[in-house]
$ cat coords.pdb   # PDB, N, CA and C atoms, pLDDT in the B column
ATOM      1  N   MET Q   1       0.842  -1.175   0.000  1.00 62.00           N
ATOM      2  CA  MET Q   1       0.000   0.000   0.000  1.00 62.00           C
ATOM      3  C   MET Q   1       0.887   1.238   0.000  1.00 62.00           C
ATOM      4  N   GLY Q   2       0.676   2.111  -0.965  1.00 86.00           N
ATOM      5  CA  GLY Q   2       1.501   3.303  -1.102  1.00 86.00           C
ATOM      6  C   GLY Q   2       1.004   4.460  -0.257  1.00 86.00           C
ATOM      7  N   LEU Q   3       1.751   5.507  -0.310  1.00 91.00           N
ATOM      8  CA  LEU Q   3       1.392   6.712   0.431  1.00 91.00           C
ATOM      9  C   LEU Q   3       0.289   7.466  -0.302  1.00 91.00           C
ATOM     10  N   SER Q   4      -0.521   8.192   0.454  1.00 93.00           N
ATOM     11  CA  SER Q   4      -1.590   8.967  -0.167  1.00 93.00           C
ATOM     12  C   SER Q   4      -1.011  10.184  -0.882  1.00 93.00           C
ATOM     13  N   PHE Q   5      -1.834  10.791  -1.720  1.00 95.00           N
ATOM     14  CA  PHE Q   5      -1.397  11.949  -2.497  1.00 95.00           C
ATOM     15  C   PHE Q   5      -1.006  13.110  -1.592  1.00 95.00           C
ATOM     16  N   GLY Q   6      -1.744  13.325  -0.519  1.00 95.00           N
ATOM     17  CA  GLY Q   6      -1.437  14.415   0.405  1.00 95.00           C
ATOM     18  C   GLY Q   6      -0.082  14.257   1.067  1.00 95.00           C
ATOM     19  N   VAL Q   7       0.266  13.037   1.415  1.00 95.00           N
ATOM     20  CA  VAL Q   7       1.571  12.778   2.041  1.00 95.00           C
ATOM     21  C   VAL Q   7       2.687  13.015   1.029  1.00 95.00           C
ATOM     22  N   LYS Q   8       2.454  12.617  -0.218  1.00 95.00           N
ATOM     23  CA  LYS Q   8       3.464  12.848  -1.255  1.00 95.00           C
ATOM     24  C   LYS Q   8       3.681  14.338  -1.490  1.00 95.00           C
ATOM     25  N   VAL Q   9       2.602  15.107  -1.484  1.00 96.00           N
ATOM     26  CA  VAL Q   9       2.726  16.568  -1.649  1.00 96.00           C
ATOM     27  C   VAL Q   9       3.496  17.162  -0.481  1.00 96.00           C
ATOM     28  N   LEU Q  10       3.218  16.694   0.730  1.00 97.00           N
ATOM     29  CA  LEU Q  10       3.947  17.195   1.898  1.00 97.00           C
ATOM     30  C   LEU Q  10       5.432  16.839   1.835  1.00 97.00           C
ATOM     31  N   LEU Q  11       5.760  15.663   1.330  1.00 96.00           N
ATOM     32  CA  LEU Q  11       7.170  15.287   1.178  1.00 96.00           C
ATOM     33  C   LEU Q  11       7.880  16.188   0.171  1.00 96.00           C
ATOM     34  N   VAL Q  12       7.213  16.495  -0.921  1.00 97.00           N
ATOM     35  CA  VAL Q  12       7.814  17.379  -1.924  1.00 97.00           C
ATOM     36  C   VAL Q  12       7.966  18.793  -1.361  1.00 97.00           C
ATOM     37  N   LEU Q  13       6.970  19.264  -0.612  1.00 98.00           N
ATOM     38  CA  LEU Q  13       7.079  20.592   0.007  1.00 98.00           C
ATOM     39  C   LEU Q  13       8.200  20.638   1.044  1.00 98.00           C
ATOM     40  N   ALA Q  14       8.352  19.574   1.814  1.00 97.00           N
ATOM     41  CA  ALA Q  14       9.447  19.525   2.787  1.00 97.00           C
ATOM     42  C   ALA Q  14      10.797  19.529   2.075  1.00 97.00           C
ATOM     43  N   ALA Q  15      10.884  18.826   0.953  1.00 97.00           N
ATOM     44  CA  ALA Q  15      12.124  18.824   0.177  1.00 97.00           C
ATOM     45  C   ALA Q  15      12.413  20.220  -0.368  1.00 97.00           C
ATOM     46  N   ALA Q  16      11.374  20.911  -0.835  1.00 98.00           N
ATOM     47  CA  ALA Q  16      11.558  22.266  -1.361  1.00 98.00           C
ATOM     48  C   ALA Q  16      12.004  23.224  -0.250  1.00 98.00           C
ATOM     49  N   LEU Q  17      11.429  23.096   0.919  1.00 98.00           N
ATOM     50  CA  LEU Q  17      11.828  23.968   2.031  1.00 98.00           C
ATOM     51  C   LEU Q  17      13.272  23.699   2.453  1.00 98.00           C
ATOM     52  N   LEU Q  18      13.668  22.438   2.469  1.00 98.00           N
ATOM     53  CA  LEU Q  18      15.051  22.115   2.798  1.00 98.00           C
ATOM     54  C   LEU Q  18      16.005  22.652   1.735  1.00 98.00           C
ATOM     55  N   ALA Q  19      15.601  22.579   0.466  1.00 98.00           N
ATOM     56  CA  ALA Q  19      16.431  23.116  -0.611  1.00 98.00           C
ATOM     57  C   ALA Q  19      16.553  24.639  -0.495  1.00 98.00           C
ATOM     58  N   ILE Q  20      15.490  25.308  -0.065  1.00 98.00           N
ATOM     59  CA  ILE Q  20      15.544  26.762   0.129  1.00 98.00           C
ATOM     60  C   ILE Q  20      16.524  27.110   1.248  1.00 98.00           C
ATOM     61  N   ILE Q  21      16.500  26.340   2.325  1.00 98.00           N
ATOM     62  CA  ILE Q  21      17.418  26.595   3.435  1.00 98.00           C
ATOM     63  C   ILE Q  21      18.868  26.408   2.992  1.00 98.00           C
ATOM     64  N   VAL Q  22      19.124  25.367   2.231  1.00 98.00           N
ATOM     65  CA  VAL Q  22      20.485  25.117   1.735  1.00 98.00           C
ATOM     66  C   VAL Q  22      20.920  26.234   0.788  1.00 98.00           C
ATOM     67  N   ALA Q  23      19.997  26.692  -0.070  1.00 98.00           N
ATOM     68  CA  ALA Q  23      20.321  27.767  -1.012  1.00 98.00           C
ATOM     69  C   ALA Q  23      20.614  29.076  -0.278  1.00 98.00           C
ATOM     70  N   MET Q  24      19.835  29.362   0.754  1.00 97.00           N
ATOM     71  CA  MET Q  24      20.094  30.581   1.532  1.00 97.00           C
ATOM     72  C   MET Q  24      21.452  30.516   2.208  1.00 97.00           C
ATOM     73  N   ALA Q  25      21.797  29.362   2.733  1.00 98.00           N
ATOM     74  CA  ALA Q  25      23.114  29.207   3.370  1.00 98.00           C
ATOM     75  C   ALA Q  25      24.226  29.391   2.350  1.00 98.00           C
ATOM     76  N   ALA Q  26      24.045  28.851   1.150  1.00 97.00           N
ATOM     77  CA  ALA Q  26      25.070  29.012   0.112  1.00 97.00           C
ATOM     78  C   ALA Q  26      25.214  30.477  -0.290  1.00 97.00           C
ATOM     79  N   GLY Q  27      24.092  31.185  -0.406  1.00 97.00           N
ATOM     80  CA  GLY Q  27      24.153  32.607  -0.745  1.00 97.00           C
ATOM     81  C   GLY Q  27      24.825  33.435   0.335  1.00 97.00           C
ATOM     82  N   ILE Q  28      24.523  33.138   1.584  1.00 97.00           N
ATOM     83  CA  ILE Q  28      25.139  33.866   2.696  1.00 97.00           C
ATOM     84  C   ILE Q  28      26.641  33.587   2.754  1.00 97.00           C
ATOM     85  N   LEU Q  29      27.018  32.324   2.567  1.00 97.00           N
ATOM     86  CA  LEU Q  29      28.446  32.000   2.578  1.00 97.00           C
ATOM     87  C   LEU Q  29      29.182  32.665   1.420  1.00 97.00           C
ATOM     88  N   ALA Q  30      28.524  32.761   0.267  1.00 97.00           N
ATOM     89  CA  ALA Q  30      29.150  33.450  -0.866  1.00 97.00           C
ATOM     90  C   ALA Q  30      29.321  34.929  -0.562  1.00 97.00           C
ATOM     91  N   ARG Q  31      28.322  35.525   0.097  1.00 96.00           N
ATOM     92  CA  ARG Q  31      28.412  36.949   0.437  1.00 96.00           C
ATOM     93  C   ARG Q  31      29.522  37.193   1.448  1.00 96.00           C
ATOM     94  N   LEU Q  32      29.657  36.297   2.415  1.00 97.00           N
ATOM     95  CA  LEU Q  32      30.725  36.433   3.402  1.00 97.00           C
ATOM     96  C   LEU Q  32      32.099  36.245   2.771  1.00 97.00           C
ATOM     97  N   ASP Q  33      32.138  35.541   1.644  1.00 96.00           N
ATOM     98  CA  ASP Q  33      33.391  35.326   0.930  1.00 96.00           C
ATOM     99  C   ASP Q  33      33.763  36.533   0.078  1.00 96.00           C
ATOM    100  N   GLY Q  34      32.853  37.495  -0.047  1.00 95.00           N
ATOM    101  CA  GLY Q  34      33.155  38.720  -0.779  1.00 95.00           C
ATOM    102  C   GLY Q  34      32.548  38.805  -2.167  1.00 95.00           C
ATOM    103  N   ALA Q  35      31.669  37.896  -2.510  1.00 95.00           N
ATOM    104  CA  ALA Q  35      31.047  37.931  -3.838  1.00 95.00           C
ATOM    105  C   ALA Q  35      30.019  39.063  -3.908  1.00 95.00           C
ATOM    106  N   ARG Q  36      29.766  39.520  -5.123  1.00 97.00           N
ATOM    107  CA  ARG Q  36      28.746  40.556  -5.315  1.00 97.00           C
ATOM    108  C   ARG Q  36      27.364  39.954  -5.133  1.00 97.00           C
ATOM    109  N   LEU Q  37      26.364  40.826  -4.978  1.00 96.00           N
ATOM    110  CA  LEU Q  37      25.003  40.384  -4.701  1.00 96.00           C
ATOM    111  C   LEU Q  37      24.453  39.519  -5.833  1.00 96.00           C
ATOM    112  N   ALA Q  38      24.700  39.906  -7.065  1.00 97.00           N
ATOM    113  CA  ALA Q  38      24.190  39.123  -8.197  1.00 97.00           C
ATOM    114  C   ALA Q  38      24.809  37.727  -8.227  1.00 97.00           C
ATOM    115  N   ALA Q  39      26.077  37.631  -7.911  1.00 97.00           N
ATOM    116  CA  ALA Q  39      26.740  36.327  -7.879  1.00 97.00           C
ATOM    117  C   ALA Q  39      26.181  35.464  -6.746  1.00 97.00           C
ATOM    118  N   CYS Q  40      25.861  36.117  -5.626  1.00 97.00           N
ATOM    119  CA  CYS Q  40      25.280  35.372  -4.502  1.00 97.00           C
ATOM    120  C   CYS Q  40      23.913  34.811  -4.858  1.00 97.00           C
ATOM    121  N   VAL Q  41      23.106  35.599  -5.551  1.00 97.00           N
ATOM    122  CA  VAL Q  41      21.781  35.139  -5.970  1.00 97.00           C
ATOM    123  C   VAL Q  41      21.909  34.000  -6.976  1.00 97.00           C
ATOM    124  N   MET Q  42      22.837  34.123  -7.910  1.00 97.00           N
ATOM    125  CA  MET Q  42      23.046  33.056  -8.890  1.00 97.00           C
ATOM    126  C   MET Q  42      23.524  31.773  -8.210  1.00 97.00           C
ATOM    127  N   ARG Q  43      24.425  31.894  -7.264  1.00 97.00           N
ATOM    128  CA  ARG Q  43      24.922  30.714  -6.559  1.00 97.00           C
ATOM    129  C   ARG Q  43      23.814  30.070  -5.730  1.00 97.00           C
ATOM    130  N   GLY Q  44      23.005  30.900  -5.096  1.00 97.00           N
ATOM    131  CA  GLY Q  44      21.875  30.367  -4.332  1.00 97.00           C
ATOM    132  C   GLY Q  44      20.858  29.671  -5.224  1.00 97.00           C
ATOM    133  N   GLY Q  45      20.584  30.249  -6.384  1.00 97.00           N
ATOM    134  CA  GLY Q  45      19.643  29.628  -7.313  1.00 97.00           C
ATOM    135  C   GLY Q  45      20.145  28.303  -7.847  1.00 97.00           C
ATOM    136  N   ALA Q  46      21.402  28.255  -8.172  1.00 97.00           N
ATOM    137  CA  ALA Q  46      21.985  26.997  -8.650  1.00 97.00           C
ATOM    138  C   ALA Q  46      21.975  25.941  -7.551  1.00 97.00           C
ATOM    139  N   THR Q  47      22.273  26.361  -6.339  1.00 98.00           N
ATOM    140  CA  THR Q  47      22.268  25.434  -5.215  1.00 98.00           C
ATOM    141  C   THR Q  47      20.862  24.917  -4.944  1.00 98.00           C
ATOM    142  N   PHE Q  48      19.863  25.783  -5.080  1.00 98.00           N
ATOM    143  CA  PHE Q  48      18.477  25.353  -4.902  1.00 98.00           C
ATOM    144  C   PHE Q  48      18.110  24.281  -5.921  1.00 98.00           C
ATOM    145  N   GLY Q  49      18.451  24.518  -7.173  1.00 97.00           N
ATOM    146  CA  GLY Q  49      18.122  23.554  -8.215  1.00 97.00           C
ATOM    147  C   GLY Q  49      18.774  22.204  -7.997  1.00 97.00           C
ATOM    148  N   VAL Q  50      20.043  22.227  -7.643  1.00 98.00           N
ATOM    149  CA  VAL Q  50      20.770  20.970  -7.415  1.00 98.00           C
ATOM    150  C   VAL Q  50      20.232  20.261  -6.179  1.00 98.00           C
ATOM    151  N   SER Q  51      19.988  21.002  -5.111  1.00 98.00           N
ATOM    152  CA  SER Q  51      19.498  20.388  -3.876  1.00 98.00           C
ATOM    153  C   SER Q  51      18.115  19.776  -4.068  1.00 98.00           C
ATOM    154  N   LEU Q  52      17.228  20.503  -4.729  1.00 98.00           N
ATOM    155  CA  LEU Q  52      15.878  19.981  -4.940  1.00 98.00           C
ATOM    156  C   LEU Q  52      15.912  18.747  -5.832  1.00 98.00           C
ATOM    157  N   THR Q  53      16.745  18.776  -6.850  1.00 98.00           N
ATOM    158  CA  THR Q  53      16.866  17.613  -7.732  1.00 98.00           C
ATOM    159  C   THR Q  53      17.346  16.390  -6.954  1.00 98.00           C
ATOM    160  N   LEU Q  54      18.369  16.568  -6.134  1.00 97.00           N
ATOM    161  CA  LEU Q  54      18.890  15.442  -5.356  1.00 97.00           C
ATOM    162  C   LEU Q  54      17.875  14.932  -4.341  1.00 97.00           C
ATOM    163  N   LEU Q  55      17.157  15.838  -3.692  1.00 97.00           N
ATOM    164  CA  LEU Q  55      16.174  15.404  -2.702  1.00 97.00           C
ATOM    165  C   LEU Q  55      15.022  14.646  -3.351  1.00 97.00           C
ATOM    166  N   ILE Q  56      14.539  15.129  -4.484  1.00 97.00           N
ATOM    167  CA  ILE Q  56      13.459  14.433  -5.194  1.00 97.00           C
ATOM    168  C   ILE Q  56      13.958  13.077  -5.691  1.00 97.00           C
ATOM    169  N   LEU Q  57      15.190  13.022  -6.138  1.00 97.00           N
ATOM    170  CA  LEU Q  57      15.768  11.760  -6.582  1.00 97.00           C
ATOM    171  C   LEU Q  57      15.855  10.759  -5.435  1.00 97.00           C
ATOM    172  N   VAL Q  58      16.245  11.207  -4.262  1.00 96.00           N
ATOM    173  CA  VAL Q  58      16.335  10.330  -3.096  1.00 96.00           C
ATOM    174  C   VAL Q  58      14.947   9.834  -2.711  1.00 96.00           C
ATOM    175  N   LEU Q  59      13.959  10.724  -2.695  1.00 96.00           N
ATOM    176  CA  LEU Q  59      12.588  10.313  -2.363  1.00 96.00           C
ATOM    177  C   LEU Q  59      12.057   9.309  -3.378  1.00 96.00           C
ATOM    178  N   SER Q  60      12.366   9.524  -4.640  1.00 95.00           N
ATOM    179  CA  SER Q  60      11.926   8.579  -5.670  1.00 95.00           C
ATOM    180  C   SER Q  60      12.625   7.227  -5.521  1.00 95.00           C
ATOM    181  N   SER Q  61      13.907   7.263  -5.200  1.00 95.00           N
ATOM    182  CA  SER Q  61      14.654   6.019  -5.034  1.00 95.00           C
ATOM    183  C   SER Q  61      14.157   5.207  -3.858  1.00 95.00           C
ATOM    184  N   LEU Q  62      13.705   5.883  -2.815  1.00 93.00           N
ATOM    185  CA  LEU Q  62      13.174   5.194  -1.653  1.00 93.00           C
ATOM    186  C   LEU Q  62      11.757   4.685  -1.877  1.00 93.00           C
ATOM    187  N   GLY Q  63      11.148   5.106  -2.987  1.00 92.00           N
ATOM    188  CA  GLY Q  63       9.797   4.660  -3.298  1.00 92.00           C
ATOM    189  C   GLY Q  63       8.714   5.486  -2.654  1.00 92.00           C
ATOM    190  N   ALA Q  64       9.064   6.617  -2.087  1.00 93.00           N
ATOM    191  CA  ALA Q  64       8.076   7.451  -1.412  1.00 93.00           C
ATOM    192  C   ALA Q  64       7.181   8.209  -2.396  1.00 93.00           C
ATOM    193  N   LEU Q  65       7.641   8.428  -3.600  1.00 91.00           N
ATOM    194  CA  LEU Q  65       6.846   9.178  -4.574  1.00 91.00           C
ATOM    195  C   LEU Q  65       6.254   8.286  -5.667  1.00 91.00           C
ATOM    196  N   ALA Q  66       6.435   6.984  -5.544  1.00 85.00           N
ATOM    197  CA  ALA Q  66       5.922   6.062  -6.569  1.00 85.00           C
ATOM    198  C   ALA Q  66       4.458   5.746  -6.367  1.00 85.00           C
TER     199      ALA Q  66
END
$ encode --input "coords.pdb" --output "structure tokens"
Amino acid sequence: MGLSFGVKVLLVLAAALLAIIVAMAAGILARLDGARLAACVMRGGATFGVSLTLLILVLSSLGALA
């Protein structure tokens, strides 16, 4: 018996929130390293994309989204 649709949506939302936290940390660390604001936003955006992709991949591999 698989997970309900609501639980799957909550898992994806939790993954997105975790990816946002990781992206914010990457942007802050880039700013502390002396990067310009535009570079910090670009680094945060790239980090968000990579983090969300990896988290969704892990959830799919575990069978939580199947």
$ select_by_dssp --input "coords.pdb" --residues "chain Q" --states "helix (DSSP H, G or I)" --output "compact mmCIF listing (two decimals) with N, CA and C atoms, in the frame of the given file"
# COMPACT_ATOMS: atom_id res chain seq x y z
N PHE Q 5 -1.83 10.79 -1.72
CA PHE Q 5 -1.40 11.95 -2.50
C PHE Q 5 -1.01 13.11 -1.59
N GLY Q 6 -1.74 13.32 -0.52
CA GLY Q 6 -1.44 14.42 0.40
C GLY Q 6 -0.08 14.26 1.07
N VAL Q 7 0.27 13.04 1.42
CA VAL Q 7 1.57 12.78 2.04
C VAL Q 7 2.69 13.02 1.03
N LYS Q 8 2.45 12.62 -0.22
CA LYS Q 8 3.46 12.85 -1.25
C LYS Q 8 3.68 14.34 -1.49
N VAL Q 9 2.60 15.11 -1.48
CA VAL Q 9 2.73 16.57 -1.65
C VAL Q 9 3.50 17.16 -0.48
N LEU Q 10 3.22 16.69 0.73
CA LEU Q 10 3.95 17.20 1.90
C LEU Q 10 5.43 16.84 1.84
N LEU Q 11 5.76 15.66 1.33
CA LEU Q 11 7.17 15.29 1.18
C LEU Q 11 7.88 16.19 0.17
N VAL Q 12 7.21 16.50 -0.92
CA VAL Q 12 7.81 17.38 -1.92
C VAL Q 12 7.97 18.79 -1.36
N LEU Q 13 6.97 19.26 -0.61
CA LEU Q 13 7.08 20.59 0.01
C LEU Q 13 8.20 20.64 1.04
N ALA Q 14 8.35 19.57 1.81
CA ALA Q 14 9.45 19.52 2.79
C ALA Q 14 10.80 19.53 2.08
N ALA Q 15 10.88 18.83 0.95
CA ALA Q 15 12.12 18.82 0.18
C ALA Q 15 12.41 20.22 -0.37
N ALA Q 16 11.37 20.91 -0.84
CA ALA Q 16 11.56 22.27 -1.36
C ALA Q 16 12.00 23.22 -0.25
N LEU Q 17 11.43 23.10 0.92
CA LEU Q 17 11.83 23.97 2.03
C LEU Q 17 13.27 23.70 2.45
N LEU Q 18 13.67 22.44 2.47
CA LEU Q 18 15.05 22.12 2.80
C LEU Q 18 16.00 22.65 1.74
N ALA Q 19 15.60 22.58 0.47
CA ALA Q 19 16.43 23.12 -0.61
C ALA Q 19 16.55 24.64 -0.50
N ILE Q 20 15.49 25.31 -0.06
CA ILE Q 20 15.54 26.76 0.13
C ILE Q 20 16.52 27.11 1.25
N ILE Q 21 16.50 26.34 2.33
CA ILE Q 21 17.42 26.60 3.44
C ILE Q 21 18.87 26.41 2.99
N VAL Q 22 19.12 25.37 2.23
CA VAL Q 22 20.48 25.12 1.74
C VAL Q 22 20.92 26.23 0.79
N ALA Q 23 20.00 26.69 -0.07
CA ALA Q 23 20.32 27.77 -1.01
C ALA Q 23 20.61 29.08 -0.28
N MET Q 24 19.84 29.36 0.75
CA MET Q 24 20.09 30.58 1.53
C MET Q 24 21.45 30.52 2.21
N ALA Q 25 21.80 29.36 2.73
CA ALA Q 25 23.11 29.21 3.37
C ALA Q 25 24.23 29.39 2.35
N ALA Q 26 24.04 28.85 1.15
CA ALA Q 26 25.07 29.01 0.11
C ALA Q 26 25.21 30.48 -0.29
N GLY Q 27 24.09 31.18 -0.41
CA GLY Q 27 24.15 32.61 -0.74
C GLY Q 27 24.82 33.44 0.34
N ILE Q 28 24.52 33.14 1.58
CA ILE Q 28 25.14 33.87 2.70
C ILE Q 28 26.64 33.59 2.75
N LEU Q 29 27.02 32.32 2.57
CA LEU Q 29 28.45 32.00 2.58
C LEU Q 29 29.18 32.66 1.42
N ALA Q 30 28.52 32.76 0.27
CA ALA Q 30 29.15 33.45 -0.87
C ALA Q 30 29.32 34.93 -0.56
N ARG Q 31 28.32 35.52 0.10
CA ARG Q 31 28.41 36.95 0.44
C ARG Q 31 29.52 37.19 1.45
N LEU Q 32 29.66 36.30 2.42
CA LEU Q 32 30.72 36.43 3.40
C LEU Q 32 32.10 36.24 2.77
N LEU Q 37 26.36 40.83 -4.98
CA LEU Q 37 25.00 40.38 -4.70
C LEU Q 37 24.45 39.52 -5.83
N ALA Q 38 24.70 39.91 -7.06
CA ALA Q 38 24.19 39.12 -8.20
C ALA Q 38 24.81 37.73 -8.23
N ALA Q 39 26.08 37.63 -7.91
CA ALA Q 39 26.74 36.33 -7.88
C ALA Q 39 26.18 35.46 -6.75
N CYS Q 40 25.86 36.12 -5.63
CA CYS Q 40 25.28 35.37 -4.50
C CYS Q 40 23.91 34.81 -4.86
N VAL Q 41 23.11 35.60 -5.55
CA VAL Q 41 21.78 35.14 -5.97
C VAL Q 41 21.91 34.00 -6.98
N MET Q 42 22.84 34.12 -7.91
CA MET Q 42 23.05 33.06 -8.89
C MET Q 42 23.52 31.77 -8.21
N ARG Q 43 24.42 31.89 -7.26
CA ARG Q 43 24.92 30.71 -6.56
C ARG Q 43 23.81 30.07 -5.73
N GLY Q 44 23.00 30.90 -5.10
CA GLY Q 44 21.88 30.37 -4.33
C GLY Q 44 20.86 29.67 -5.22
N GLY Q 45 20.58 30.25 -6.38
CA GLY Q 45 19.64 29.63 -7.31
C GLY Q 45 20.14 28.30 -7.85
N ALA Q 46 21.40 28.26 -8.17
CA ALA Q 46 21.98 27.00 -8.65
C ALA Q 46 21.98 25.94 -7.55
N THR Q 47 22.27 26.36 -6.34
CA THR Q 47 22.27 25.43 -5.22
C THR Q 47 20.86 24.92 -4.94
N PHE Q 48 19.86 25.78 -5.08
CA PHE Q 48 18.48 25.35 -4.90
C PHE Q 48 18.11 24.28 -5.92
N GLY Q 49 18.45 24.52 -7.17
CA GLY Q 49 18.12 23.55 -8.22
C GLY Q 49 18.77 22.20 -8.00
N VAL Q 50 20.04 22.23 -7.64
CA VAL Q 50 20.77 20.97 -7.42
C VAL Q 50 20.23 20.26 -6.18
N SER Q 51 19.99 21.00 -5.11
CA SER Q 51 19.50 20.39 -3.88
C SER Q 51 18.11 19.78 -4.07
N LEU Q 52 17.23 20.50 -4.73
CA LEU Q 52 15.88 19.98 -4.94
C LEU Q 52 15.91 18.75 -5.83
N THR Q 53 16.74 18.78 -6.85
CA THR Q 53 16.87 17.61 -7.73
C THR Q 53 17.35 16.39 -6.95
N LEU Q 54 18.37 16.57 -6.13
CA LEU Q 54 18.89 15.44 -5.36
C LEU Q 54 17.88 14.93 -4.34
N LEU Q 55 17.16 15.84 -3.69
CA LEU Q 55 16.17 15.40 -2.70
C LEU Q 55 15.02 14.65 -3.35
N ILE Q 56 14.54 15.13 -4.48
CA ILE Q 56 13.46 14.43 -5.19
C ILE Q 56 13.96 13.08 -5.69
N LEU Q 57 15.19 13.02 -6.14
CA LEU Q 57 15.77 11.76 -6.58
C LEU Q 57 15.86 10.76 -5.44
N VAL Q 58 16.24 11.21 -4.26
CA VAL Q 58 16.34 10.33 -3.10
C VAL Q 58 14.95 9.83 -2.71
N LEU Q 59 13.96 10.72 -2.70
CA LEU Q 59 12.59 10.31 -2.36
C LEU Q 59 12.06 9.31 -3.38
N SER Q 60 12.37 9.52 -4.64
CA SER Q 60 11.93 8.58 -5.67
C SER Q 60 12.62 7.23 -5.52
N SER Q 61 13.91 7.26 -5.20
CA SER Q 61 14.65 6.02 -5.03
C SER Q 61 14.16 5.21 -3.86
$ residues_around --input "coords.pdb" --residues "range 4-20 of chain Q" --least-positions-apart "3" --cutoff "12 Å" --atoms "only C-alpha atoms" --output "list in words"
Met1, Ala23, Met24, Ala25, Ala26, Gly27, Gly44, Gly45, Ala46, Thr47, Phe48, Gly49, Val50, Ser51, Leu52, Thr53, Leu54, Leu55, Ile56, Leu57, Val58, Leu59, Ser60, Gly63, Ala64, Leu65 and Ala66 of chain Q
$ atom_distance --input "coords.pdb" --atom1 "CA of Leu3 in chain Q" --atom2 "CA of Ile21 in chain Q"
25.7 Å
$ atom_distance --input "coords.pdb" --atom1 "CA of Gly2 in chain Q" --atom2 "atom C of Ser61 in chain Q"
13.1 Å
$ axis_aligned_box --input "coords.pdb" --around "range 29-39 of chain Q" --padding-each-side "3 Å" --output "JSON"
{"center_x": 29.0, "center_y": 36.4, "center_z": -2.4, "size_x": 15.6, "size_y": 14.8, "size_z": 17.6}
$ build_atoms --input "coords.pdb" --residues "range 37-50 of chain Q" --atoms "N, CA, C and O atoms" --output "compact mmCIF listing (two decimals), in the coordinates of the input"
# COMPACT_ATOMS: atom_id res chain seq x y z
N LEU Q 37 26.36 40.83 -4.98
CA LEU Q 37 25.00 40.38 -4.70
C LEU Q 37 24.45 39.52 -5.83
O LEU Q 37 23.81 38.49 -5.58
N ALA Q 38 24.70 39.91 -7.06
CA ALA Q 38 24.19 39.12 -8.20
C ALA Q 38 24.81 37.73 -8.23
O ALA Q 38 24.12 36.74 -8.51
N ALA Q 39 26.08 37.63 -7.91
CA ALA Q 39 26.74 36.33 -7.88
C ALA Q 39 26.18 35.46 -6.75
O ALA Q 39 26.04 34.25 -6.90
N CYS Q 40 25.86 36.12 -5.63
CA CYS Q 40 25.28 35.37 -4.50
C CYS Q 40 23.91 34.81 -4.86
O CYS Q 40 23.59 33.67 -4.52
N VAL Q 41 23.11 35.60 -5.55
CA VAL Q 41 21.78 35.14 -5.97
C VAL Q 41 21.91 34.00 -6.98
O VAL Q 41 21.18 33.00 -6.90
N MET Q 42 22.84 34.12 -7.91
CA MET Q 42 23.05 33.06 -8.89
C MET Q 42 23.52 31.77 -8.21
O MET Q 42 23.07 30.67 -8.55
N ARG Q 43 24.42 31.89 -7.26
CA ARG Q 43 24.92 30.71 -6.56
C ARG Q 43 23.81 30.07 -5.73
O ARG Q 43 23.69 28.84 -5.68
N GLY Q 44 23.00 30.90 -5.10
CA GLY Q 44 21.88 30.37 -4.33
C GLY Q 44 20.86 29.67 -5.22
O GLY Q 44 20.33 28.61 -4.87
N GLY Q 45 20.58 30.25 -6.38
CA GLY Q 45 19.64 29.63 -7.31
C GLY Q 45 20.14 28.30 -7.85
O GLY Q 45 19.38 27.33 -7.95
N ALA Q 46 21.40 28.26 -8.17
CA ALA Q 46 21.98 27.00 -8.65
C ALA Q 46 21.98 25.94 -7.55
O ALA Q 46 21.66 24.76 -7.80
N THR Q 47 22.27 26.36 -6.34
CA THR Q 47 22.27 25.43 -5.22
C THR Q 47 20.86 24.92 -4.94
O THR Q 47 20.67 23.74 -4.64
N PHE Q 48 19.86 25.78 -5.08
CA PHE Q 48 18.48 25.35 -4.90
C PHE Q 48 18.11 24.28 -5.92
O PHE Q 48 17.52 23.25 -5.57
N GLY Q 49 18.45 24.52 -7.17
CA GLY Q 49 18.12 23.55 -8.22
C GLY Q 49 18.77 22.20 -8.00
O GLY Q 49 18.13 21.16 -8.13
N VAL Q 50 20.04 22.23 -7.64
CA VAL Q 50 20.77 20.97 -7.42
C VAL Q 50 20.23 20.26 -6.18
O VAL Q 50 20.01 19.04 -6.20
